[in-house]
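Here is protein02.txt, consisting of compact mmCIF, C-alpha atoms:
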# COMPACT_ATOMS: atom_id res chain seq x y z
CA MET A 1 23.71 46.93 16.66
CA LYS A 2 22.52 44.06 18.80
CA GLU A 3 18.85 44.20 17.75
CA ASN A 4 19.81 43.30 14.21
CA ARG A 5 21.32 39.93 14.95
CA ILE A 6 19.07 37.65 12.98
CA PHE A 7 20.85 34.35 13.53
CA PHE A 8 20.32 34.20 17.26
CA ASP A 9 16.68 34.86 17.80
CA ARG A 10 15.18 32.49 15.24
CA LYS A 11 14.60 28.93 16.25
CA PHE A 12 14.48 27.57 12.70
CA VAL A 13 16.84 28.63 9.95
CA PHE A 14 16.26 27.46 6.37
CA LEU A 15 18.61 27.87 3.44
CA SER A 16 17.38 27.91 -0.13
CA GLY A 17 19.32 28.12 -3.33
CA LYS A 18 20.20 26.04 -6.32
CA GLY A 19 22.54 23.08 -6.09
CA GLY A 20 26.23 23.83 -5.72
CA VAL A 21 26.00 27.40 -4.44
CA GLY A 22 27.14 26.32 -0.97
CA LYS A 23 24.03 25.73 1.14
CA THR A 24 25.64 22.98 3.16
CA THR A 25 28.81 24.97 3.82
CA THR A 26 26.87 28.05 4.90
CA SER A 27 24.41 26.15 7.06
CA SER A 28 27.30 24.35 8.74
CA SER A 29 28.98 27.67 9.51
CA ILE A 30 25.78 29.16 10.90
CA ALA A 31 25.24 26.13 13.13
CA LEU A 32 28.85 26.20 14.29
CA GLY A 33 28.65 29.91 15.07
CA LEU A 34 25.49 29.43 17.12
CA SER A 35 26.99 26.53 19.06
CA LYS A 36 30.10 28.55 19.86
CA LYS A 37 27.85 31.17 21.46
CA GLY A 38 26.40 28.50 23.72
CA HIS A 39 23.23 27.70 21.77
CA LYS A 40 22.47 24.01 21.63
CA THR A 41 22.12 23.62 17.88
CA LEU A 42 21.03 20.84 15.55
CA LEU A 43 22.25 20.92 11.96
CA ILE A 44 19.98 19.00 9.59
CA SER A 45 21.20 18.00 6.16
CA THR A 46 19.04 16.40 3.50
CA ASP A 47 21.82 16.44 0.94
CA PRO A 48 22.09 12.89 -0.44
CA ALA A 49 25.85 13.30 -0.66
CA HIS A 50 26.04 13.30 3.16
CA SER A 51 28.29 16.29 3.07
CA ILE A 52 28.09 17.56 6.65
CA GLY A 53 29.90 14.42 7.73
CA HIS A 54 32.49 15.26 5.12
CA ILE A 55 32.76 18.90 6.24
CA PHE A 56 33.17 18.08 9.93
CA GLU A 57 35.22 14.98 9.19
CA LYS A 58 32.93 12.86 11.25
CA GLU A 59 30.59 9.94 10.65
CA ILE A 60 27.11 11.40 11.18
CA GLY A 61 24.24 9.40 9.67
CA ASP A 62 20.51 9.44 10.21
CA ARG A 63 20.54 9.75 14.02
CA GLU A 64 21.36 12.95 15.89
CA ARG A 65 25.09 12.85 16.63
CA LYS A 66 27.22 15.17 18.66
CA ILE A 67 29.80 16.99 16.55
CA ARG A 68 31.27 19.19 19.28
CA GLU A 69 30.15 21.06 22.37
CA ASN A 70 26.54 22.25 21.73
CA LEU A 71 26.63 21.19 18.08
CA TYR A 72 24.72 18.17 16.81
CA GLY A 73 24.18 16.92 13.28
CA ILE A 74 21.88 14.60 11.41
CA GLU A 75 21.89 13.52 7.77
CA ILE A 76 18.63 12.37 6.25
CA ASN A 77 18.12 10.85 2.85
CA VAL A 78 14.71 11.97 1.59
CA ARG A 79 14.29 9.08 -0.87
CA GLU A 80 15.11 6.52 1.80
CA GLU A 81 12.68 8.12 4.26
CA SER A 82 9.98 8.08 1.62
CA ARG A 83 10.71 4.40 0.88
CA ARG A 84 10.35 3.59 4.58
CA TYR A 85 6.98 5.34 4.71
CA ILE A 86 5.69 3.42 1.66
CA ASP A 87 6.99 0.11 3.02
CA GLY A 88 5.23 0.78 6.33
CA ILE A 89 1.93 1.24 4.52
CA LEU A 90 2.48 -1.90 2.44
CA LYS A 91 3.18 -3.87 5.59
CA GLN A 92 0.01 -2.58 7.22
CA ALA A 93 -1.96 -3.44 4.07
CA ARG A 94 -0.54 -6.97 4.04
CA GLU A 95 -1.70 -7.47 7.62
CA ILE A 96 -5.24 -6.23 7.07
CA LEU A 97 -6.13 -7.08 3.48
CA SER A 98 -6.77 -10.32 1.62
CA PRO A 99 -4.13 -11.28 -0.97
CA VAL A 100 -6.49 -10.61 -3.88
CA ILE A 101 -7.28 -7.09 -2.74
CA LEU A 102 -3.69 -6.45 -1.75
CA GLU A 103 -2.70 -7.19 -5.33
CA GLU A 104 -5.15 -4.54 -6.50
CA VAL A 105 -4.07 -1.71 -4.19
CA LYS A 106 -0.35 -2.52 -4.07
CA ASP A 107 0.31 -0.71 -7.33
CA GLN A 108 -1.54 2.37 -6.19
CA ILE A 109 0.53 2.57 -3.02
CA GLU A 110 3.73 1.93 -4.95
CA LEU A 111 2.77 4.55 -7.53
CA ALA A 112 2.51 7.23 -4.84
CA TYR A 113 6.25 6.86 -4.23
CA HIS A 114 6.85 8.02 -7.79
CA SER A 115 4.06 10.62 -7.88
CA PRO A 116 5.04 14.21 -8.73
CA GLY A 117 4.71 15.75 -5.27
CA ALA A 118 6.08 12.77 -3.35
CA GLU A 119 9.62 13.94 -2.76
CA GLU A 120 8.48 17.38 -1.64
CA LEU A 121 5.92 16.00 0.76
CA ALA A 122 8.48 13.52 2.08
CA LEU A 123 10.84 16.41 2.78
CA PHE A 124 8.00 18.25 4.46
CA ASP A 125 7.38 15.22 6.71
CA ILE A 126 11.05 15.21 7.70
CA ILE A 127 11.10 18.91 8.52
CA SER A 128 7.84 18.56 10.48
CA ARG A 129 9.43 15.92 12.66
CA PHE A 130 11.83 18.54 14.02
CA PHE A 131 8.99 21.00 14.61
CA ALA A 132 7.56 18.40 16.99
CA MET A 133 10.78 18.37 19.07
CA GLU A 134 11.11 22.13 19.26
CA GLU A 135 12.08 22.00 22.95
CA LYS A 136 15.08 19.76 22.51
CA TYR A 137 17.40 22.35 20.94
CA ASP A 138 17.81 26.11 21.02
CA ASN A 139 18.28 26.32 17.25
CA PHE A 140 17.66 24.16 14.22
CA VAL A 141 19.56 24.87 11.02
CA PHE A 142 18.41 23.20 7.79
CA ASP A 143 20.58 23.07 4.68
CA THR A 144 17.38 23.07 2.68
CA ALA A 145 13.88 24.58 2.78
CA PRO A 146 10.43 23.19 2.14
CA SER A 147 9.75 23.44 -1.58
CA GLY A 148 7.79 26.33 -3.03
CA TYR A 149 4.98 23.90 -3.67
CA THR A 150 4.73 22.81 -0.02
CA LEU A 151 4.95 26.37 1.25
CA ARG A 152 2.19 27.39 -1.09
CA LEU A 153 -0.01 24.59 0.22
CA LEU A 154 0.64 25.74 3.77
CA ALA A 155 0.23 29.42 3.05
CA LEU A 156 -3.22 28.93 1.59
CA PRO A 157 -5.41 27.89 4.49
CA LYS A 158 -8.00 26.85 1.96
CA ALA A 159 -5.69 24.28 0.46
CA LEU A 160 -4.53 21.95 3.19
CA ASN A 161 -6.61 22.97 6.19
CA ASN A 162 -9.97 22.84 4.52
CA TRP A 163 -9.06 19.63 2.77
CA ILE A 164 -8.15 17.82 5.97
CA ASN A 165 -11.03 19.29 7.97
CA ARG A 166 -13.52 18.18 5.35
CA LEU A 167 -12.05 14.67 5.31
CA ILE A 168 -12.34 14.45 9.09
CA LYS A 169 -15.93 15.66 8.99
CA THR A 170 -16.86 13.18 6.28
CA ARG A 171 -15.29 10.34 8.20
CA ILE A 172 -17.09 11.23 11.45
CA ASN A 173 -20.38 11.47 9.58
CA SER A 174 -19.85 8.16 7.90
CA MET A 175 -19.04 6.50 11.21
CA LYS A 176 -22.10 8.01 12.87
CA VAL A 177 -24.47 6.70 10.22
CA GLU A 178 -22.75 3.34 10.27
CA TYR A 179 -23.17 3.23 14.02
CA TYR A 180 -26.90 3.87 13.83
CA ALA A 181 -27.15 1.17 11.18
CA THR A 182 -25.56 -1.43 13.45
CA ARG A 183 -28.21 -3.43 15.32
CA ASN A 184 -26.24 -4.36 18.40
CA PRO A 185 -23.14 -2.18 18.56
CA ASP A 186 -20.43 -3.52 20.87
CA LYS A 187 -19.15 -0.07 21.83
CA ASN A 188 -20.68 3.36 22.08
CA LEU A 189 -20.14 5.92 19.37
CA LYS A 190 -17.68 8.01 21.34
CA GLN A 191 -15.44 5.00 21.90
CA LYS A 192 -15.66 4.04 18.25
CA LEU A 193 -14.64 7.51 17.12
CA GLU A 194 -11.74 7.54 19.57
CA GLU A 195 -10.41 4.18 18.42
CA ASP A 196 -10.82 4.69 14.69
CA PRO A 197 -7.41 4.31 13.02
CA VAL A 198 -8.53 6.45 10.07
CA LEU A 199 -9.43 9.39 12.29
CA LYS A 200 -6.16 8.95 14.16
CA ILE A 201 -4.20 9.28 10.92
CA LEU A 202 -6.24 12.26 9.76
CA ASN A 203 -5.89 14.07 13.08
CA LYS A 204 -2.15 13.46 13.09
CA ARG A 205 -1.90 15.10 9.66
CA LYS A 206 -4.09 18.00 10.76
CA GLU A 207 -1.80 18.59 13.71
CA GLN A 208 1.27 18.42 11.47
CA PHE A 209 -0.17 21.01 9.05
CA GLU A 210 -1.22 23.35 11.84
CA ARG A 211 2.11 23.21 13.61
CA ALA A 212 4.07 23.73 10.40
CA ARG A 213 1.89 26.69 9.51
CA SER A 214 2.39 28.29 12.89
CA ILE A 215 6.17 27.98 12.56
CA LEU A 216 6.91 28.55 8.89
CA LEU A 217 4.62 31.52 8.45
CA ASN A 218 5.84 33.14 11.65
CA ASN A 219 8.94 35.22 11.08
CA SER A 220 9.79 35.53 14.71
CA LYS A 221 10.37 31.78 14.68
CA SER A 222 11.67 31.02 11.20
CA LEU A 223 14.35 32.61 9.10
CA PHE A 224 14.53 31.96 5.37
CA MET A 225 17.69 32.83 3.51
CA PHE A 226 18.88 32.44 -0.02
CA VAL A 227 22.38 31.40 -0.91
CA LEU A 228 23.68 32.49 -4.28
CA ASN A 229 26.91 33.13 -6.16
CA PRO A 230 27.77 36.43 -7.82
CA GLU A 231 26.77 35.26 -11.30
CA ARG A 232 24.02 36.12 -13.75
CA LEU A 233 21.91 32.97 -13.56
CA PRO A 234 21.76 32.58 -9.75
CA ILE A 235 20.62 36.21 -9.48
CA GLU A 236 17.78 35.59 -11.93
CA ILE A 237 16.72 32.40 -10.17
CA THR A 238 16.85 34.06 -6.76
CA ARG A 239 14.72 36.95 -7.98
CA ASP A 240 12.02 34.60 -9.31
CA SER A 241 12.05 32.35 -6.24
CA ILE A 242 11.83 35.25 -3.80
CA LYS A 243 8.94 36.74 -5.71
CA GLU A 244 7.10 33.43 -5.70
CA LEU A 245 7.69 32.78 -2.00
CA GLU A 246 6.76 36.27 -0.89
CA GLU A 247 3.51 36.03 -2.81
CA ASN A 248 2.82 33.16 -0.43
CA LYS A 249 3.65 35.11 2.72
CA ILE A 250 7.10 33.58 3.19
CA LYS A 251 9.56 36.39 3.84
CA ILE A 252 13.13 36.00 2.63
CA GLU A 253 15.03 38.19 5.03
CA ALA A 254 18.60 37.66 4.01
CA LEU A 255 20.83 36.64 1.14
CA ILE A 256 24.23 35.09 1.40
CA VAL A 257 26.48 35.80 -1.54
CA ASN A 258 28.97 32.98 -1.52
CA LYS A 259 32.25 32.30 -3.30
CA ILE A 260 33.28 35.87 -4.00
CA SER A 261 36.77 35.92 -5.45
CA SER A 262 39.17 38.57 -4.20
CA ASP A 263 41.92 38.80 -6.82
CA SER A 264 42.14 41.49 -9.51
CA SER A 265 41.04 39.29 -12.40
CA PRO A 266 38.38 40.44 -14.91
CA ARG A 267 36.11 37.83 -13.32
CA SER A 268 36.46 39.53 -9.98
CA LYS A 269 35.54 42.87 -11.52
CA LYS A 270 32.42 41.40 -13.06
CA GLU A 271 31.55 39.88 -9.67
CA ALA A 272 31.79 43.29 -8.02
CA GLU A 273 29.19 44.53 -10.50
CA TYR A 274 26.90 41.65 -9.72
CA ILE A 275 27.25 42.23 -5.97
CA GLU A 276 26.32 45.85 -6.45
CA GLU A 277 23.30 44.72 -8.43
CA ILE A 278 22.32 42.26 -5.70
CA GLU A 279 22.62 44.90 -2.99
CA LYS A 280 20.46 47.32 -4.94
CA GLU A 281 17.89 44.85 -6.15
CA PHE A 282 17.30 42.94 -2.93
CA ALA A 283 17.41 45.85 -0.44
CA PRO A 284 16.37 46.22 2.31
CA ARG A 285 17.12 42.54 2.89
CA ARG A 286 20.34 41.70 4.70
CA ILE A 287 23.21 40.75 2.39
CA PHE A 288 26.02 38.61 3.76
CA LYS A 289 29.20 38.23 1.75
CA LEU A 290 31.49 35.24 1.85
CA PRO A 291 34.82 34.93 0.04
CA LEU A 292 35.90 32.07 -2.16
CA LEU A 293 38.44 30.27 -0.03
CA PRO A 294 41.70 29.31 -1.71
CA GLU A 295 41.36 25.80 -0.34
CA GLU A 296 38.46 23.36 -0.53
CA VAL A 297 36.01 23.78 2.37
CA HIS A 298 36.78 20.80 4.47
CA GLY A 299 37.38 20.31 8.16
CA MET A 300 36.59 22.33 11.24
CA GLU A 301 39.22 24.95 10.51
CA SER A 302 37.81 26.22 7.22
CA ILE A 303 34.23 26.12 8.52
CA GLU A 304 35.32 28.13 11.54
CA LYS A 305 36.85 30.71 9.22
CA ILE A 306 33.61 31.11 7.24
CA SER A 307 31.57 31.11 10.41
CA ASP A 308 33.59 33.97 11.86
CA ILE A 309 33.20 36.05 8.70
CA LEU A 310 29.45 35.41 8.65
CA PHE A 311 28.85 36.26 12.29
CA SER A 312 31.03 39.37 12.12
CA GLN A 313 28.53 40.67 9.55
CA ASP A 314 25.49 39.85 11.69
CA GLY A 315 24.80 42.95 13.67
CA MET B 316 -56.26 -11.07 32.04
CA GLU B 317 -52.85 -9.82 32.85
CA ASN B 318 -51.37 -12.45 30.55
CA LYS B 319 -53.54 -11.39 27.67
CA LEU B 320 -52.60 -7.79 28.19
CA LYS B 321 -48.94 -8.66 28.24
CA SER B 322 -49.07 -10.69 25.05
CA PHE B 323 -51.06 -7.95 23.37
CA TRP B 324 -48.41 -5.45 24.43
CA ASN B 325 -45.66 -7.66 23.05
CA SER B 326 -47.44 -8.07 19.75
CA LEU B 327 -47.92 -4.35 19.57
CA LYS B 328 -44.21 -3.81 20.17
CA LEU B 329 -43.33 -6.35 17.47
CA PHE B 330 -45.74 -4.68 15.07
CA PHE B 331 -44.11 -1.30 15.48
CA LYS B 332 -40.62 -2.75 15.37
CA GLY B 333 -41.47 -4.43 12.05
CA ALA B 334 -43.26 -1.43 10.68
CA VAL B 335 -40.87 1.30 11.74
CA VAL B 336 -37.51 0.05 13.00
CA ASP B 337 -36.81 -2.72 10.49
CA THR B 338 -37.73 -0.73 7.40
CA SER B 339 -35.96 2.36 8.59
CA HIS B 340 -32.97 0.20 9.23
CA GLU B 341 -32.57 -0.51 5.56
CA VAL B 342 -32.66 3.19 4.81
CA ILE B 343 -30.00 3.90 7.42
CA GLU B 344 -27.88 1.04 6.10
CA ALA B 345 -28.06 2.48 2.60
CA ALA B 346 -27.13 5.88 3.98
CA ALA B 347 -24.16 4.34 5.80
CA ASN B 348 -22.93 2.76 2.57
CA MET B 349 -23.31 6.07 0.78
CA ALA B 350 -21.34 7.95 3.42
CA LYS B 351 -18.53 5.42 3.24
CA ASP B 352 -18.56 5.45 -0.56
CA ASN B 353 -18.17 9.20 -0.56
CA PHE B 354 -15.13 9.01 1.67
CA MET B 355 -13.63 6.27 -0.49
CA ILE B 356 -13.87 8.46 -3.56
CA VAL B 357 -11.15 10.63 -2.02
CA ILE B 358 -8.88 7.66 -1.35
CA PHE B 359 -9.45 5.73 -4.55
CA SER B 360 -10.06 8.62 -6.90
CA ASP B 361 -7.26 7.31 -9.12
CA PHE B 362 -9.42 4.25 -9.86
CA LEU B 363 -12.03 6.60 -11.27
CA GLY B 364 -9.47 8.49 -13.32
CA ILE B 365 -9.36 11.54 -11.06
CA PRO B 366 -5.77 12.32 -10.06
CA ASN B 367 -5.20 13.24 -6.42
CA PRO B 368 -2.31 15.67 -5.81
CA LEU B 369 -2.07 14.52 -2.19
CA SER B 370 -2.12 10.80 -2.93
CA TYR B 371 1.20 10.54 -1.07
CA TYR B 372 -0.79 11.22 2.09
CA THR B 373 -4.07 9.44 1.30
CA ILE B 374 -2.40 6.08 0.55
CA GLU B 375 -1.90 5.82 4.31
CA LEU B 376 -5.64 5.14 4.57
CA ILE B 377 -5.81 2.44 1.90
CA PRO B 378 -5.23 -0.51 4.27
CA TYR B 379 -8.39 0.41 6.20
CA PHE B 380 -10.62 0.58 3.14
CA GLY B 381 -9.16 -2.07 0.85
CA ASN B 382 -11.66 -4.70 1.93
CA ASP B 383 -14.54 -2.44 0.90
CA LEU B 384 -12.95 -1.85 -2.49
CA PRO B 385 -14.64 -4.58 -4.60
CA GLY B 386 -18.13 -3.54 -3.47
CA TRP B 387 -17.29 0.10 -3.93
CA GLU B 388 -15.96 -0.41 -7.45
CA LEU B 389 -19.11 -2.29 -8.35
CA ARG B 390 -21.35 0.42 -6.97
CA MET B 391 -19.35 3.14 -8.68
CA SER B 392 -19.46 1.50 -12.09
CA ASP B 393 -23.03 0.30 -11.67
CA ARG B 394 -24.64 3.62 -11.00
CA LYS B 395 -26.94 3.82 -14.00
CA SER B 396 -27.74 7.42 -13.25
CA VAL B 397 -27.81 9.66 -10.28
CA LEU B 398 -31.51 10.20 -10.81
CA ALA B 399 -32.33 6.49 -10.88
CA LYS B 400 -30.41 6.02 -7.67
CA ALA B 401 -32.25 8.83 -5.97
CA MET B 402 -35.56 7.39 -7.15
CA GLY B 403 -34.64 4.03 -5.67
CA GLU B 404 -34.03 5.69 -2.35
CA ILE B 405 -37.15 7.77 -2.01
CA GLY B 406 -39.45 5.59 -4.09
CA GLU B 407 -41.24 6.37 -7.37
CA PRO B 408 -43.53 9.37 -7.20
Whole structure, structure tokens version:
Amino acid sequence: MKENRIFFDRKFVFLSGKGGVGKTTTSSSIALGLSKKGHKTLLISTDPAHSIGHIFEKEIGDRERKIRENLYGIEINVREESRRYIDGILKQAREILSPVILEEVKDQIELAYHSPGAEELALFDIISRFFAMEEKYDNFVFDTAPSGYTLRLLALPKALNNWINRLIKTRINSMKVEYYATRNPDKNLKQKLEEDPVLKILNKRKEQFERARSILLNNSKSLFMFVLNPERLPIEITRDSIKELEENKIKIEALIVNKISSDSSPRSKKEAEYIEEIEKEFAPRRIFKLPLLPEEVHGMESIEKISDILFSQDG
Amino acid sequence: MENKLKSFWNSLKLFFKGAVVDTSHEVIEAAANMAKDNFMIVIFSDFLGIPNPLSYYTIELIPYFGNDLPGWELRMSDRKSVLAKAMGEIGEP
């Protein structure tokens, strides 16, 4: 029984699923359950509605805050983070570039904020930040997962790795030739390469990609789960998403069926059919079942209730 | 005698510097510009009409290349043909 407990032995837990199925509620209950067993746990929410503060009835915000013994929370707004990144680049550009040139590149920098992949890469940057502080907590629980697009980029070594390696190589080459073309260089080549801000940025990215790869594609470190409701559409979406992710070497090991009603209404009967379908279709993956609570999920008490149900099924 | 030898030696050094080092320098300088231009294509590909799916990451490098942008744009739009450029580098046959 013990060897099947998936919540405890994975450092990083990610929850996927479409909006409104209960990712934040479930991730909060998983984090609470882990903390109650003595694991120092960080719960990370990227939900713009700042709902973990609402659930735990506590002001949380964008710094790690203690919620209770062994449980910490942080709420990050992806758009705001992305804005901060763009503003940092604009500031740097203003310091280095002449006003005329700044005018020319400003739009390009600004445009990147609105570019198609921007929000997904911004989320990836946020998640990566926690990979870099792996030692600080026993467990990290995310109420979201890197997008399919990001995971695909990471899963294909040819995509990101080769891209960044080639850029680094090109830059080093360019600096070498430039060095030989300088008549009286003030520093030697090795120093120049070490101090180059461009190479620093590129190497930082390379490190980020490598670390993320080694964590996300390693299923002794990461656990991906899908949250869904017992309804037609969520089942279809989950099926497609799982197929897409598993094609890219990301294993979805468990599903959480949330908001199951327990009365004897026709709706409840239909739900039972759907649950049966889910269990058949997604076997041998673990299926966790959570009831629809009569009251709104709010406050430590209701989260504790869900947490207990969830952990009683883990084993 | 020693003086004459020394001045001859210096002239000889100057001759070779002029004949080899200074001309080769231009070639290396051109190569350096080329190498930098190639790197800038990745960063400023949008200016050439080539979309970059990772522009969210490459914009971080723009501040360090912005000052080379006017020259780069000129060189990019002024390339009459790849062949003509190559000819200019190695000399007419």
To one decimal place, how far is atom CA of Ile343 of chain B from atom CA of Asn173 of chain A in Å?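 Interatomic distance here is 12.4 Å.
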Using all atoms listed in the file, which protein or nucleic acid residues come within 8 Å of segment 49-55 of chain A? Drop anything in the same chain fewer than 3 positions from it, and give the result as an NGL selection string. :A and (24-25 or 28 or 45-46 or 58-61 or 73 or 75 or 297-300 or 303)
What are the nearest atom pairs, with distances in Å to one decimal, for all residues of chain A that come at most 9 Å from chain B, using all atoms listed in the file, set out by chain and rising residue number as JSON lines?
{"residue": "A:Tyr85", "atom": "CA", "partner": "B:Glu375", "partner_atom": "CA", "distance": 8.9}
{"residue": "A:Ile86", "atom": "CA", "partner": "B:Glu375", "partner_atom": "CA", "distance": 8.4}
{"residue": "A:Gly88", "atom": "CA", "partner": "B:Glu375", "partner_atom": "CA", "distance": 9.0}
{"residue": "A:Ile89", "atom": "CA", "partner": "B:Glu375", "partner_atom": "CA", "distance": 6.0}
{"residue": "A:Leu90", "atom": "CA", "partner": "B:Pro378", "partner_atom": "CA", "distance": 8.0}
{"residue": "A:Gln92", "atom": "CA", "partner": "B:Pro378", "partner_atom": "CA", "distance": 6.4}
{"residue": "A:Ala93", "atom": "CA", "partner": "B:Pro378", "partner_atom": "CA", "distance": 4.4}
{"residue": "A:Arg94", "atom": "CA", "partner": "B:Pro378", "partner_atom": "CA", "distance": 8.0}
{"residue": "A:Glu95", "atom": "CA", "partner": "B:Pro378", "partner_atom": "CA", "distance": 8.5}
{"residue": "A:Ile96", "atom": "CA", "partner": "B:Pro378", "partner_atom": "CA", "distance": 6.4}
{"residue": "A:Leu97", "atom": "CA", "partner": "B:Asn382", "partner_atom": "CA", "distance": 6.2}
{"residue": "A:Ser98", "atom": "CA", "partner": "B:Asn382", "partner_atom": "CA", "distance": 7.5}
{"residue": "A:Ile101", "atom": "CA", "partner": "B:Gly381", "partner_atom": "CA", "distance": 6.5}
{"residue": "A:Leu102", "atom": "CA", "partner": "B:Gly381", "partner_atom": "CA", "distance": 7.5}
{"residue": "A:Glu104", "atom": "CA", "partner": "B:Gly381", "partner_atom": "CA", "distance": 8.7}
{"residue": "A:Val105", "atom": "CA", "partner": "B:Gly381", "partner_atom": "CA", "distance": 7.2}
{"residue": "A:Gln108", "atom": "CA", "partner": "B:Ile374", "partner_atom": "CA", "distance": 7.7}
{"residue": "A:Ile109", "atom": "CA", "partner": "B:Ile374", "partner_atom": "CA", "distance": 5.8}
{"residue": "A:Leu111", "atom": "CA", "partner": "B:Tyr371", "partner_atom": "CA", "distance": 8.9}
{"residue": "A:Ala112", "atom": "CA", "partner": "B:Tyr371", "partner_atom": "CA", "distance": 5.2}
{"residue": "A:Tyr113", "atom": "CA", "partner": "B:Tyr371", "partner_atom": "CA", "distance": 7.0}
{"residue": "A:Ser115", "atom": "CA", "partner": "B:Tyr371", "partner_atom": "CA", "distance": 7.4}
{"residue": "A:Pro116", "atom": "CA", "partner": "B:Pro368", "partner_atom": "CA", "distance": 8.0}
{"residue": "A:Gly117", "atom": "CA", "partner": "B:Pro368", "partner_atom": "CA", "distance": 7.0}
{"residue": "A:Ala118", "atom": "CA", "partner": "B:Tyr371", "partner_atom": "CA", "distance": 5.8}
{"residue": "A:Leu121", "atom": "CA", "partner": "B:Tyr371", "partner_atom": "CA", "distance": 7.4}
{"residue": "A:Ala122", "atom": "CA", "partner": "B:Tyr371", "partner_atom": "CA", "distance": 8.5}
{"residue": "A:Leu167", "atom": "CA", "partner": "B:Phe354", "partner_atom": "CA", "distance": 7.4}
{"residue": "A:Thr170", "atom": "CA", "partner": "B:Phe354", "partner_atom": "CA", "distance": 6.5}
{"residue": "A:Arg171", "atom": "CA", "partner": "B:Phe354", "partner_atom": "CA", "distance": 6.7}
{"residue": "A:Asn173", "atom": "CA", "partner": "B:Ala350", "partner_atom": "CA", "distance": 7.2}
{"residue": "A:Ser174", "atom": "CA", "partner": "B:Ala350", "partner_atom": "CA", "distance": 4.7}
{"residue": "A:Met175", "atom": "CA", "partner": "B:Ala347", "partner_atom": "CA", "distance": 7.8}
{"residue": "A:Lys176", "atom": "CA", "partner": "B:Ala347", "partner_atom": "CA", "distance": 8.2}
{"residue": "A:Val177", "atom": "CA", "partner": "B:Ala347", "partner_atom": "CA", "distance": 5.0}
{"residue": "A:Glu178", "atom": "CA", "partner": "B:Ala347", "partner_atom": "CA", "distance": 4.8}
{"residue": "A:Tyr179", "atom": "CA", "partner": "B:Ala347", "partner_atom": "CA", "distance": 8.4}
{"residue": "A:Tyr180", "atom": "CA", "partner": "B:Ile343", "partner_atom": "CA", "distance": 7.1}
{"residue": "A:Ala181", "atom": "CA", "partner": "B:Glu344", "partner_atom": "CA", "distance": 5.1}
{"residue": "A:Thr182", "atom": "CA", "partner": "B:Glu344", "partner_atom": "CA", "distance": 8.1}
{"residue": "A:Arg183", "atom": "CA", "partner": "B:His340", "partner_atom": "CA", "distance": 8.5}
{"residue": "A:Pro197", "atom": "CA", "partner": "B:Tyr379", "partner_atom": "CA", "distance": 7.9}
{"residue": "A:Val198", "atom": "CA", "partner": "B:Leu376", "partner_atom": "CA", "distance": 6.3}
{"residue": "A:Ile201", "atom": "CA", "partner": "B:Leu376", "partner_atom": "CA", "distance": 7.7}
{"residue": "A:Leu202", "atom": "CA", "partner": "B:Leu376", "partner_atom": "CA", "distance": 8.8}
{"residue": "A:Arg205", "atom": "CA", "partner": "B:Tyr372", "partner_atom": "CA", "distance": 8.6}
Determine, counting all atoms listed in the file, which protein, DNA and RNA residues have an atom within 8 Å of an atom of segment 267-282 of chain A; residues of the same chain fewer than 2 positions away are not included. Present the result as a VMD selection string. chain A and resid 230 to 232 235 257 260 to 265 284 to 285 287
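Take the candidates A:Phe7, A:Leu42, A:Glu236, A:Glu57 and check each one against Ser302 of chain A using only C-alpha atoms; the shortest distance goes to A:Glu57.
Every protein or nucleic acid residue with an atom no more than 8 Å from Leu156 of chain A, counting only C-alpha atoms and leaving out same-chain residues fewer than 4 positions away, appears here: A:Arg152, A:Leu160, A:Asn248.
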Between atom CA of Asp138 of chain A and atom CA of Ile252 of chain A, what is the distance, to one decimal in Å?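 Value for the atom CA of Asp138 of chain A-atom CA of Ile252 of chain A distance: 21.4 Å.
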I'd like the box whose edges run along x, y and z of the file and which contains every listed atom of segment 321-325 of chain B, padded by 3 Å per side; could you state its centre and edge lengths in Å, one decimal, as lines of an AutoDock Vina configuration file?
center_x = -48.4
center_y = -8.1
center_z = 25.6
size_x = 11.4
size_y = 11.2
size_z = 11.2
Lys40 of chain A surroundings by all atoms listed in the file, 8 Å radius, close-in-sequence under 5 positions cut, as a PyMOL selection string: chain A and resi 34-35+70-72+137-139
Interatomic distance (Å, one decimal) between atom CA of Thr238 of chain A and atom CA of Lys18 of chain A: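 These two atoms are separated by 8.7 Å.
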Between A:Arg286, A:Arg129, A:Glu210, A:Val141, which has the minimum distance to Asn161 of chain A (counting only C-alpha atoms)? A:Glu210
Need the shell around Glu244 of chain A: protein/DNA/RNA residues with any atom at most 12 Å away, counting all atoms listed in the file. Skip same-chain ones fewer than 3 positions apart. Format as an mmCIF file with C-alpha atoms, keeping the file's coordinate frame?
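Output below, filename around_29.cif:
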data_model
loop_
_atom_site.group_PDB
_atom_site.id
_atom_site.type_symbol
_atom_site.label_atom_id
_atom_site.label_comp_id
_atom_site.auth_asym_id
_atom_site.auth_seq_id
_atom_site.Cartn_x
_atom_site.Cartn_y
_atom_site.Cartn_z
ATOM 1 C CA SER A 147 9.750 23.440 -1.580
ATOM 2 C CA GLY A 148 7.790 26.330 -3.030
ATOM 3 C CA TYR A 149 4.980 23.900 -3.670
ATOM 4 C CA LEU A 151 4.950 26.370 1.250
ATOM 5 C CA ARG A 152 2.190 27.390 -1.090
ATOM 6 C CA ALA A 155 0.230 29.420 3.050
ATOM 7 C CA ILE A 237 16.720 32.400 -10.170
ATOM 8 C CA THR A 238 16.850 34.060 -6.760
ATOM 9 C CA ARG A 239 14.720 36.950 -7.980
ATOM 10 C CA ASP A 240 12.020 34.600 -9.310
ATOM 11 C CA SER A 241 12.050 32.350 -6.240
ATOM 12 C CA GLU A 247 3.510 36.030 -2.810
ATOM 13 C CA ASN A 248 2.820 33.160 -0.430
ATOM 14 C CA LYS A 249 3.650 35.110 2.720
ATOM 15 C CA ILE A 250 7.100 33.580 3.190
ATOM 16 C CA LYS A 251 9.560 36.390 3.840
ATOM 17 C CA ILE A 252 13.130 36.000 2.630
#
